[in-house]
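Student: Here you go, work-v8.pdb (PDB, C-alpha atoms, pLDDT in the B column):
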```
MODEL        1
ATOM      1  CA  MET O  13      -1.604  24.789  -5.827  1.00 65.00           C
ATOM      2  CA  ASN O  14      -0.486  22.808  -8.876  1.00 80.00           C
ATOM      3  CA  ARG O  15      -3.131  20.066  -9.095  1.00 89.00           C
ATOM      4  CA  ARG O  16      -0.860  17.362 -10.465  1.00 92.00           C
ATOM      5  CA  LEU O  17      -3.545  14.698 -10.975  1.00 97.00           C
ATOM      6  CA  GLU O  18      -6.337  16.849 -12.399  1.00 96.00           C
ATOM      7  CA  GLY O  19      -8.895  14.802 -14.313  1.00 96.00           C
ATOM      8  CA  GLN O  20      -7.383  11.433 -13.401  1.00 98.00           C
ATOM      9  CA  THR O  21      -8.964   8.457 -11.649  1.00 98.00           C
ATOM     10  CA  ALA O  22      -7.084   6.565  -8.935  1.00 98.00           C
ATOM     11  CA  LEU O  23      -7.868   3.234  -7.295  1.00 98.00           C
ATOM     12  CA  ILE O  24      -6.305   2.878  -3.852  1.00 98.00           C
ATOM     13  CA  THR O  25      -6.385  -0.329  -1.831  1.00 98.00           C
ATOM     14  CA  GLY O  26      -6.002  -0.490   1.931  1.00 96.00           C
ATOM     15  CA  ALA O  27      -7.489   2.998   2.009  1.00 96.00           C
ATOM     16  CA  ALA O  28      -9.289   2.939   5.367  1.00 95.00           C
ATOM     17  CA  SER O  29      -6.281   4.115   7.370  1.00 94.00           C
ATOM     18  CA  GLY O  30      -2.567   4.793   7.388  1.00 94.00           C
ATOM     19  CA  MET O  31      -0.703   5.245   4.129  1.00 96.00           C
ATOM     20  CA  GLY O  32      -3.690   4.310   1.979  1.00 97.00           C
ATOM     21  CA  ARG O  33      -5.960   6.930   3.491  1.00 97.00           C
ATOM     22  CA  ALA O  34      -3.261   9.609   3.437  1.00 97.00           C
ATOM     23  CA  THR O  35      -2.619   8.859  -0.243  1.00 98.00           C
ATOM     24  CA  ALA O  36      -6.318   9.045  -1.106  1.00 98.00           C
ATOM     25  CA  GLU O  37      -6.657  12.412   0.612  1.00 98.00           C
ATOM     26  CA  LEU O  38      -3.558  13.839  -1.053  1.00 98.00           C
ATOM     27  CA  PHE O  39      -4.558  12.588  -4.503  1.00 98.00           C
ATOM     28  CA  ALA O  40      -7.978  14.206  -4.068  1.00 98.00           C
ATOM     29  CA  GLU O  41      -6.316  17.504  -3.175  1.00 97.00           C
ATOM     30  CA  HIS O  42      -4.447  17.264  -6.469  1.00 97.00           C
ATOM     31  CA  GLY O  43      -7.588  16.806  -8.527  1.00 97.00           C
ATOM     32  CA  ALA O  44      -7.939  13.030  -8.782  1.00 98.00           C
ATOM     33  CA  ARG O  45     -11.203  11.169  -8.569  1.00 98.00           C
ATOM     34  CA  VAL O  46     -10.486   8.539  -5.932  1.00 98.00           C
ATOM     35  CA  ILE O  47     -11.888   5.037  -5.465  1.00 98.00           C
ATOM     36  CA  LEU O  48     -11.044   3.710  -1.995  1.00 98.00           C
ATOM     37  CA  PHE O  49     -11.098  -0.093  -1.746  1.00 98.00           C
ATOM     38  CA  GLY O  50     -10.655  -2.230   1.305  1.00 96.00           C
ATOM     39  CA  LEU O  51     -11.849  -3.403   4.682  1.00 94.00           C
ATOM     40  CA  GLY O  52     -12.507  -1.070   7.554  1.00 85.00           C
ATOM     41  CA  GLY O  53     -16.251  -0.513   7.517  1.00 91.00           C
ATOM     42  CA  GLU O  54     -17.031   2.913   8.927  1.00 95.00           C
ATOM     43  CA  SER O  55     -13.351   3.876   8.784  1.00 96.00           C
ATOM     44  CA  LEU O  56     -13.339   3.386   5.014  1.00 97.00           C
ATOM     45  CA  ASP O  57     -16.499   5.455   4.664  1.00 97.00           C
ATOM     46  CA  LYS O  58     -14.945   8.275   6.686  1.00 97.00           C
ATOM     47  CA  ALA O  59     -11.795   8.124   4.573  1.00 97.00           C
ATOM     48  CA  ALA O  60     -13.896   8.305   1.406  1.00 97.00           C
ATOM     49  CA  ASP O  61     -15.783  11.318   2.749  1.00 97.00           C
ATOM     50  CA  SER O  62     -12.497  13.026   3.591  1.00 96.00           C
ATOM     51  CA  ALA O  63     -11.133  12.340   0.098  1.00 97.00           C
ATOM     52  CA  ARG O  64     -14.454  13.170  -1.577  1.00 97.00           C
ATOM     53  CA  GLY O  65     -14.219   9.743  -3.188  1.00 98.00           C
ATOM     54  CA  LYS O  66     -16.139   6.495  -3.451  1.00 98.00           C
ATOM     55  CA  ALA O  67     -15.762   3.663  -0.932  1.00 98.00           C
ATOM     56  CA  VAL O  68     -15.857   0.079  -2.147  1.00 98.00           C
ATOM     57  CA  HIS O  69     -15.968  -2.341   0.767  1.00 98.00           C
ATOM     58  CA  GLY O  70     -14.233  -5.616   0.066  1.00 97.00           C
ATOM     59  CA  ASP O  71     -11.358  -8.006   0.559  1.00 97.00           C
ATOM     60  CA  ILE O  72      -8.283  -7.889  -1.676  1.00 97.00           C
ATOM     61  CA  THR O  73      -8.154 -11.697  -1.555  1.00 97.00           C
ATOM     62  CA  ARG O  74     -11.617 -12.036  -3.149  1.00 98.00           C
ATOM     63  CA  GLN O  75     -11.814 -11.797  -6.939  1.00 97.00           C
ATOM     64  CA  VAL O  76     -15.442 -10.687  -6.860  1.00 98.00           C
ATOM     65  CA  ASP O  77     -14.598  -7.769  -4.575  1.00 98.00           C
ATOM     66  CA  ILE O  78     -11.688  -6.713  -6.767  1.00 98.00           C
ATOM     67  CA  ALA O  79     -13.978  -6.779  -9.794  1.00 98.00           C
ATOM     68  CA  ARG O  80     -16.437  -4.469  -8.026  1.00 98.00           C
ATOM     69  CA  ALA O  81     -13.652  -2.035  -7.165  1.00 98.00           C
ATOM     70  CA  VAL O  82     -12.396  -1.858 -10.741  1.00 98.00           C
ATOM     71  CA  GLU O  83     -15.958  -1.556 -12.030  1.00 98.00           C
ATOM     72  CA  ALA O  84     -16.467   1.445  -9.732  1.00 98.00           C
ATOM     73  CA  CYS O  85     -13.718   3.251 -11.641  1.00 98.00           C
ATOM     74  CA  GLY O  86     -15.963   3.372 -14.713  1.00 97.00           C
ATOM     75  CA  VAL O  87     -14.355   3.650 -18.135  1.00 97.00           C
ATOM     76  CA  GLN O  88     -11.246   5.488 -16.963  1.00 97.00           C
ATOM     77  CA  LEU O  89      -8.454   4.415 -14.648  1.00 98.00           C
ATOM     78  CA  ASP O  90      -5.087   6.166 -14.561  1.00 98.00           C
ATOM     79  CA  ILE O  91      -3.467   5.231 -11.251  1.00 98.00           C
ATOM     80  CA  VAL O  92      -3.439   2.206  -8.957  1.00 98.00           C
ATOM     81  CA  VAL O  93      -1.873   2.391  -5.494  1.00 98.00           C
ATOM     82  CA  ASN O  94      -1.745  -0.878  -3.567  1.00 98.00           C
ATOM     83  CA  ALA O  95      -1.430   0.074   0.089  1.00 98.00           C
ATOM     84  CA  ALA O  96      -3.244  -2.960   1.483  1.00 96.00           C
ATOM     85  CA  GLY O  97      -0.964  -5.086   3.603  1.00 94.00           C
ATOM     86  CA  LEU O  98      -0.856  -7.636   6.386  1.00 93.00           C
ATOM     87  CA  MET O  99       1.720  -8.497   9.044  1.00 90.00           C
ATOM     88  CA  ILE O 100       1.394 -11.526  11.332  1.00 89.00           C
ATOM     89  CA  GLU O 101       4.043 -11.979  14.011  1.00 85.00           C
ATOM     90  CA  ASP O 102       6.124 -15.101  13.465  1.00 87.00           C
ATOM     91  CA  GLU O 103       9.526 -16.681  14.028  1.00 86.00           C
ATOM     92  CA  VAL O 104      11.351 -18.096  11.032  1.00 89.00           C
ATOM     93  CA  GLY O 105      11.606 -21.614  12.434  1.00 89.00           C
ATOM     94  CA  ALA O 106       8.017 -21.860  13.620  1.00 91.00           C
ATOM     95  CA  ILE O 107       5.844 -20.218  10.983  1.00 93.00           C
ATOM     96  CA  ARG O 108       2.356 -21.641  10.788  1.00 95.00           C
ATOM     97  CA  ASP O 109       1.265 -22.604   7.279  1.00 96.00           C
ATOM     98  CA  GLU O 110      -1.956 -20.634   7.587  1.00 97.00           C
ATOM     99  CA  ASP O 111      -0.092 -17.446   8.598  1.00 96.00           C
ATOM    100  CA  TRP O 112       2.343 -17.787   5.690  1.00 96.00           C
ATOM    101  CA  GLN O 113      -0.465 -18.392   3.222  1.00 98.00           C
ATOM    102  CA  LYS O 114      -2.629 -15.546   4.515  1.00 97.00           C
ATOM    103  CA  THR O 115       0.280 -13.095   4.418  1.00 97.00           C
ATOM    104  CA  PHE O 116       1.109 -13.961   0.819  1.00 98.00           C
ATOM    105  CA  ALA O 117      -2.586 -13.943  -0.130  1.00 98.00           C
ATOM    106  CA  VAL O 118      -2.858 -10.282   0.874  1.00 98.00           C
ATOM    107  CA  ASN O 119       0.617  -8.880   0.241  1.00 98.00           C
ATOM    108  CA  VAL O 120       1.392 -10.604  -3.056  1.00 98.00           C
ATOM    109  CA  THR O 121      -1.496 -12.494  -4.637  1.00 98.00           C
ATOM    110  CA  GLY O 122      -4.044  -9.812  -3.787  1.00 98.00           C
ATOM    111  CA  VAL O 123      -1.878  -7.046  -5.208  1.00 98.00           C
ATOM    112  CA  MET O 124      -1.248  -9.088  -8.347  1.00 98.00           C
ATOM    113  CA  ALA O 125      -4.977  -9.686  -8.766  1.00 98.00           C
ATOM    114  CA  VAL O 126      -5.766  -5.973  -8.437  1.00 98.00           C
ATOM    115  CA  CYS O 127      -3.111  -5.074 -11.004  1.00 98.00           C
ATOM    116  CA  ARG O 128      -4.286  -7.814 -13.364  1.00 98.00           C
ATOM    117  CA  ALA O 129      -7.887  -6.610 -13.151  1.00 98.00           C
ATOM    118  CA  ALA O 130      -6.866  -2.973 -13.628  1.00 98.00           C
ATOM    119  CA  LEU O 131      -4.572  -3.469 -16.630  1.00 98.00           C
ATOM    120  CA  PRO O 132      -7.264  -3.422 -19.361  1.00 98.00           C
ATOM    121  CA  LEU O 133      -8.390   0.034 -18.214  1.00 98.00           C
ATOM    122  CA  LEU O 134      -4.853   1.322 -17.660  1.00 98.00           C
ATOM    123  CA  LYS O 135      -3.864   0.304 -21.188  1.00 97.00           C
ATOM    124  CA  ARG O 136      -6.426   2.680 -22.679  1.00 97.00           C
ATOM    125  CA  ARG O 137      -4.516   5.814 -21.651  1.00 95.00           C
ATOM    126  CA  GLY O 138      -1.351   4.593 -19.977  1.00 97.00           C
ATOM    127  CA  GLY O 139      -0.875   5.245 -16.309  1.00 97.00           C
ATOM    128  CA  ALA O 140       0.982   4.420 -13.133  1.00 98.00           C
ATOM    129  CA  ILE O 141       0.978   1.617 -10.579  1.00 98.00           C
ATOM    130  CA  VAL O 142       2.543   2.104  -7.148  1.00 98.00           C
ATOM    131  CA  ASN O 143       2.840  -0.998  -4.971  1.00 98.00           C
ATOM    132  CA  ILE O 144       3.788  -0.298  -1.376  1.00 98.00           C
ATOM    133  CA  ALA O 145       6.357  -2.855  -0.271  1.00 97.00           C
ATOM    134  CA  SER O 146       8.621  -2.417   2.764  1.00 95.00           C
ATOM    135  CA  VAL O 147      12.242  -1.996   3.749  1.00 93.00           C
ATOM    136  CA  GLY O 148      11.693  -5.467   5.186  1.00 91.00           C
ATOM    137  CA  ALA O 149      12.029  -6.765   1.629  1.00 94.00           C
ATOM    138  CA  PHE O 150      15.749  -5.977   1.873  1.00 94.00           C
ATOM    139  CA  ASN O 151      16.461  -5.964   5.626  1.00 88.00           C
ATOM    140  CA  ALA O 152      14.968  -9.200   6.898  1.00 80.00           C
ATOM    141  CA  SER O 153      15.220 -10.534  10.450  1.00 78.00           C
ATOM    142  CA  GLY O 154      14.394 -13.697  12.356  1.00 77.00           C
ATOM    143  CA  GLN O 155      10.952 -12.317  13.098  1.00 79.00           C
ATOM    144  CA  ASN O 156       8.229 -11.356  10.613  1.00 86.00           C
ATOM    145  CA  ALA O 157       9.726 -13.741   8.071  1.00 93.00           C
ATOM    146  CA  ALA O 158       6.510 -14.202   6.107  1.00 95.00           C
ATOM    147  CA  TYR O 159       5.992 -10.443   5.900  1.00 94.00           C
ATOM    148  CA  SER O 160       9.550  -9.780   4.700  1.00 94.00           C
ATOM    149  CA  ALA O 161       9.417 -12.603   2.165  1.00 96.00           C
ATOM    150  CA  SER O 162       6.078 -11.392   0.823  1.00 97.00           C
ATOM    151  CA  LYS O 163       7.351  -7.847   0.391  1.00 97.00           C
ATOM    152  CA  ALA O 164      10.458  -9.117  -1.414  1.00 97.00           C
ATOM    153  CA  ALA O 165       8.151 -11.046  -3.735  1.00 98.00           C
ATOM    154  CA  LEU O 166       6.113  -7.880  -4.286  1.00 98.00           C
ATOM    155  CA  VAL O 167       9.223  -5.970  -5.346  1.00 98.00           C
ATOM    156  CA  SER O 168      10.082  -8.700  -7.849  1.00 98.00           C
ATOM    157  CA  TYR O 169       6.522  -8.825  -9.176  1.00 98.00           C
ATOM    158  CA  THR O 170       6.506  -5.049  -9.641  1.00 98.00           C
ATOM    159  CA  ARG O 171       9.703  -5.228 -11.685  1.00 98.00           C
ATOM    160  CA  SER O 172       8.098  -7.830 -13.934  1.00 98.00           C
ATOM    161  CA  LEU O 173       5.026  -5.627 -14.254  1.00 98.00           C
ATOM    162  CA  ALA O 174       7.144  -2.649 -15.253  1.00 98.00           C
ATOM    163  CA  TYR O 175       9.012  -4.572 -17.954  1.00 98.00           C
ATOM    164  CA  ALA O 176       5.896  -6.247 -19.326  1.00 98.00           C
ATOM    165  CA  HIS O 177       3.739  -3.142 -19.573  1.00 98.00           C
ATOM    166  CA  GLY O 178       6.153  -0.283 -20.072  1.00 98.00           C
ATOM    167  CA  PRO O 179       5.450  -0.534 -23.830  1.00 97.00           C
ATOM    168  CA  ASP O 180       1.768   0.068 -22.984  1.00 97.00           C
ATOM    169  CA  GLY O 181       2.658   3.365 -21.331  1.00 97.00           C
ATOM    170  CA  ILE O 182       2.188   1.937 -17.847  1.00 98.00           C
ATOM    171  CA  ARG O 183       4.832   2.691 -15.235  1.00 98.00           C
ATOM    172  CA  ALA O 184       5.073   0.356 -12.236  1.00 98.00           C
ATOM    173  CA  ASN O 185       7.071   1.132  -9.127  1.00 98.00           C
ATOM    174  CA  ALA O 186       7.449  -0.418  -5.696  1.00 98.00           C
ATOM    175  CA  LEU O 187       7.841   1.938  -2.762  1.00 97.00           C
ATOM    176  CA  ALA O 188       9.688   0.444   0.234  1.00 96.00           C
ATOM    177  CA  PRO O 189       9.134   2.579   3.350  1.00 94.00           C
ATOM    178  CA  GLY O 190      10.747   1.998   6.681  1.00 88.00           C
ATOM    179  CA  TRP O 191       8.785   2.530   9.879  1.00 83.00           C
ATOM    180  CA  VAL O 192       5.617   4.599   9.488  1.00 86.00           C
ATOM    181  CA  GLN O 193       3.163   5.690  12.195  1.00 81.00           C
ATOM    182  CA  THR O 194       0.256   3.461  11.188  1.00 79.00           C
ATOM    183  CA  PRO O 195      -2.129   1.097  13.009  1.00 78.00           C
ATOM    184  CA  MET O 196       0.044  -1.805  11.791  1.00 76.00           C
ATOM    185  CA  SER O 197       3.254  -0.411  13.296  1.00 75.00           C
ATOM    186  CA  GLU O 198       1.474   0.536  16.513  1.00 76.00           C
ATOM    187  CA  GLY O 199       0.173  -3.021  16.772  1.00 74.00           C
ATOM    188  CA  GLU O 200       3.679  -4.376  16.336  1.00 76.00           C
ATOM    189  CA  MET O 201       5.006  -2.090  19.086  1.00 74.00           C
ATOM    190  CA  GLU O 202       2.187  -3.254  21.377  1.00 80.00           C
ATOM    191  CA  ALA O 203       3.164  -6.875  20.751  1.00 77.00           C
ATOM    192  CA  ALA O 204       6.835  -6.096  21.443  1.00 76.00           C
ATOM    193  CA  ALA O 205       5.928  -4.286  24.640  1.00 80.00           C
ATOM    194  CA  ARG O 206       3.999  -7.326  25.897  1.00 85.00           C
ATOM    195  CA  VAL O 207       6.945  -9.621  25.199  1.00 81.00           C
ATOM    196  CA  ASN O 208       9.580  -7.289  26.662  1.00 86.00           C
ATOM    197  CA  GLY O 209       7.616  -5.981  29.632  1.00 88.00           C
ATOM    198  CA  THR O 210       7.922  -2.408  28.385  1.00 89.00           C
ATOM    199  CA  THR O 211       5.551   0.275  27.147  1.00 86.00           C
ATOM    200  CA  VAL O 212       4.649   1.103  23.564  1.00 78.00           C
ATOM    201  CA  GLN O 213       6.433   4.431  23.909  1.00 81.00           C
ATOM    202  CA  GLN O 214       9.596   2.721  25.160  1.00 84.00           C
ATOM    203  CA  GLU O 215       9.513   0.390  22.157  1.00 81.00           C
ATOM    204  CA  PHE O 216       9.103   3.335  19.779  1.00 80.00           C
ATOM    205  CA  ASP O 217      11.956   5.161  21.535  1.00 82.00           C
ATOM    206  CA  ALA O 218      14.245   2.142  21.094  1.00 82.00           C
ATOM    207  CA  LEU O 219      13.217   1.874  17.467  1.00 80.00           C
ATOM    208  CA  THR O 220      13.772   5.520  16.578  1.00 84.00           C
ATOM    209  CA  GLY O 221      17.229   5.374  18.125  1.00 83.00           C
ATOM    210  CA  ARG O 222      18.233   3.178  15.159  1.00 84.00           C
ATOM    211  CA  ILE O 223      16.768   5.539  12.529  1.00 86.00           C
ATOM    212  CA  ALA O 224      18.917   8.321  11.083  1.00 88.00           C
ATOM    213  CA  LEU O 225      16.237  10.996  11.547  1.00 90.00           C
ATOM    214  CA  ARG O 226      15.391   9.643  15.015  1.00 88.00           C
ATOM    215  CA  ARG O 227      11.707   9.369  14.211  1.00 88.00           C
ATOM    216  CA  VAL O 228       9.258   7.256  12.253  1.00 87.00           C
ATOM    217  CA  ALA O 229       7.573   8.590   9.131  1.00 89.00           C
ATOM    218  CA  ASP O 230       4.146  10.162   8.984  1.00 92.00           C
ATOM    219  CA  PRO O 231       1.731   8.533   6.505  1.00 94.00           C
ATOM    220  CA  ALA O 232       1.516  11.871   4.687  1.00 96.00           C
ATOM    221  CA  GLU O 233       5.217  11.628   3.868  1.00 97.00           C
ATOM    222  CA  ILE O 234       4.703   8.278   2.147  1.00 97.00           C
ATOM    223  CA  ALA O 235       1.646   9.677   0.369  1.00 98.00           C
ATOM    224  CA  ALA O 236       3.859  12.426  -1.048  1.00 98.00           C
ATOM    225  CA  CYS O 237       6.150   9.764  -2.533  1.00 98.00           C
ATOM    226  CA  CYS O 238       3.118   8.043  -4.072  1.00 98.00           C
ATOM    227  CA  LEU O 239       1.999  11.372  -5.546  1.00 98.00           C
ATOM    228  CA  PHE O 240       5.367  11.879  -7.208  1.00 98.00           C
ATOM    229  CA  LEU O 241       5.444   8.349  -8.627  1.00 98.00           C
ATOM    230  CA  ALA O 242       1.875   8.683  -9.931  1.00 98.00           C
ATOM    231  CA  SER O 243       2.425  12.091 -11.504  1.00 97.00           C
ATOM    232  CA  ASP O 244       3.927  13.170 -14.815  1.00 95.00           C
ATOM    233  CA  GLU O 245       6.973  14.395 -12.883  1.00 96.00           C
ATOM    234  CA  ALA O 246       7.953  10.711 -12.618  1.00 97.00           C
ATOM    235  CA  SER O 247       7.368  10.059 -16.317  1.00 96.00           C
ATOM    236  CA  PHE O 248      10.663   8.146 -16.670  1.00 96.00           C
ATOM    237  CA  VAL O 249      10.631   6.392 -13.292  1.00 96.00           C
TER     238      VAL O 249
ENDMDL
END
```
Go through the file and emit its structure as structure tokens.

Tutor:
Amino acid sequence: MNRRLEGQTALITGAASGMGRATAELFAEHGARVILFGLGGESLDKAADSARGKAVHGDITRQVDIARAVEACGVQLDIVVNAAGLMIEDEVGAIRDEDWQKTFAVNVTGVMAVCRAALPLLKRRGGAIVNIASVGAFNASGQNAAYSASKAALVSYTRSLAYAHGPDGIRANALAPGWVQTPMSEGEMEAAARVNGTTVQQEFDALTGRIALRRVADPAEIAACCLFLASDEASFV
């Protein structure tokens, strides 16, 4: 196998499950030293064991925790993948202030703070940042308004990051997946099933009927996109 990240160090947030964990495992397979940062307790430890990496337990909204995660990278950092994310069910006309603020604290401010803390190390050798946004940034609805707005903000922030630090040899990209089989999406289907008097499977069936491939993505498929964007194959992306 062509180990596309041999000798590189990657910091991955939201790495306890879903897309973050899948990305950590795939990066490790391709030779990267992986730092897994996030909540999740035992789940994060298991993910770190699977990726042969280091777990740093902490909250992306806490500066002190972010500092510990970056410090764990040592003197070299080549890749940052921000997979941490939060969705709180809402309706656009009745969003609670605390839900809006918490969503933005994780999905936008937390990602910004991780990137800001990582930039001094990334500037030493150049590198890549991949921020995982969502198709919700472009296809909003009356529900999940805070989530969609936060992901749109993340796309805009990533563009600013790319323009500001391209001259430093740092590439920044936002990845905007649709539906992926993760604990977050399963939780959303459970909530929909309670409201509609259906089952989780029925909700997934209704959802996949609107998707061209008639299925949701596997986290490994999103991890493969992250691998491409982090690798030299995406040197002009």

Student: To test your reading of the syntax: which residues would the PyMOL selection byres ((chain O and resi 82) around 9) return for the file shown? Reply as a PyMOL selection string.

Tutor: chain O and resi 23+47+77-81+83-86+89+126+129-130+133

Student: Name every residue that the PyMOL selection byres ((chain O and resi 122) around 10) selects in this structure, writing the answer as a ChimeraX atom specification with chains first and numbers rising.

Tutor: /O:25,71-75,78,94,96-97,115-121,123-128

Student: Could you expand the PyMOL selection byres ((chain O and resi 67) around 9) into the explicit residues it covers here, written as JSON, numbers by chain?

Tutor: {"O": [27, 46, 47, 48, 49, 50, 56, 57, 58, 59, 60, 61, 65, 66, 68, 69, 81]}

Student: So that I can check the surroundings of Gly43 of chain O, please list as a list in words every protein, DNA and RNA residue that reaches within 8 Å of it, counting only C-alpha atoms and ignoring chain neighbours fewer than 6 positions away.

Tutor: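 Selected residues are Arg15, Arg16, Leu17, Glu18, Gly19 and Gln20 of chain O.
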
Student: Could you tell me how far atom CA of Glu202 of chain O lies from atom CA of Asn156 of chain O, in Å and to one decimal?

Tutor: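 Straight-line distance from atom CA of Glu202 of chain O to atom CA of Asn156 of chain O works out to 14.8 Å.
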
Student: Would you mind telling me which residue in O:Val87, O:Ala165, O:Ala176, O:Ala140 lies nearest to Glu245 of chain O when using all atoms listed in the file?

Tutor: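 Among the listed residues, O:Ala140 lies closest to Glu245 of chain O.
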
Student: Rounded to one decimal in Å, what is the spacing between atom CA of Glu200 of chain O and atom CA of Leu239 of chain O?

Tutor: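 A separation of 27.0 Å between them.
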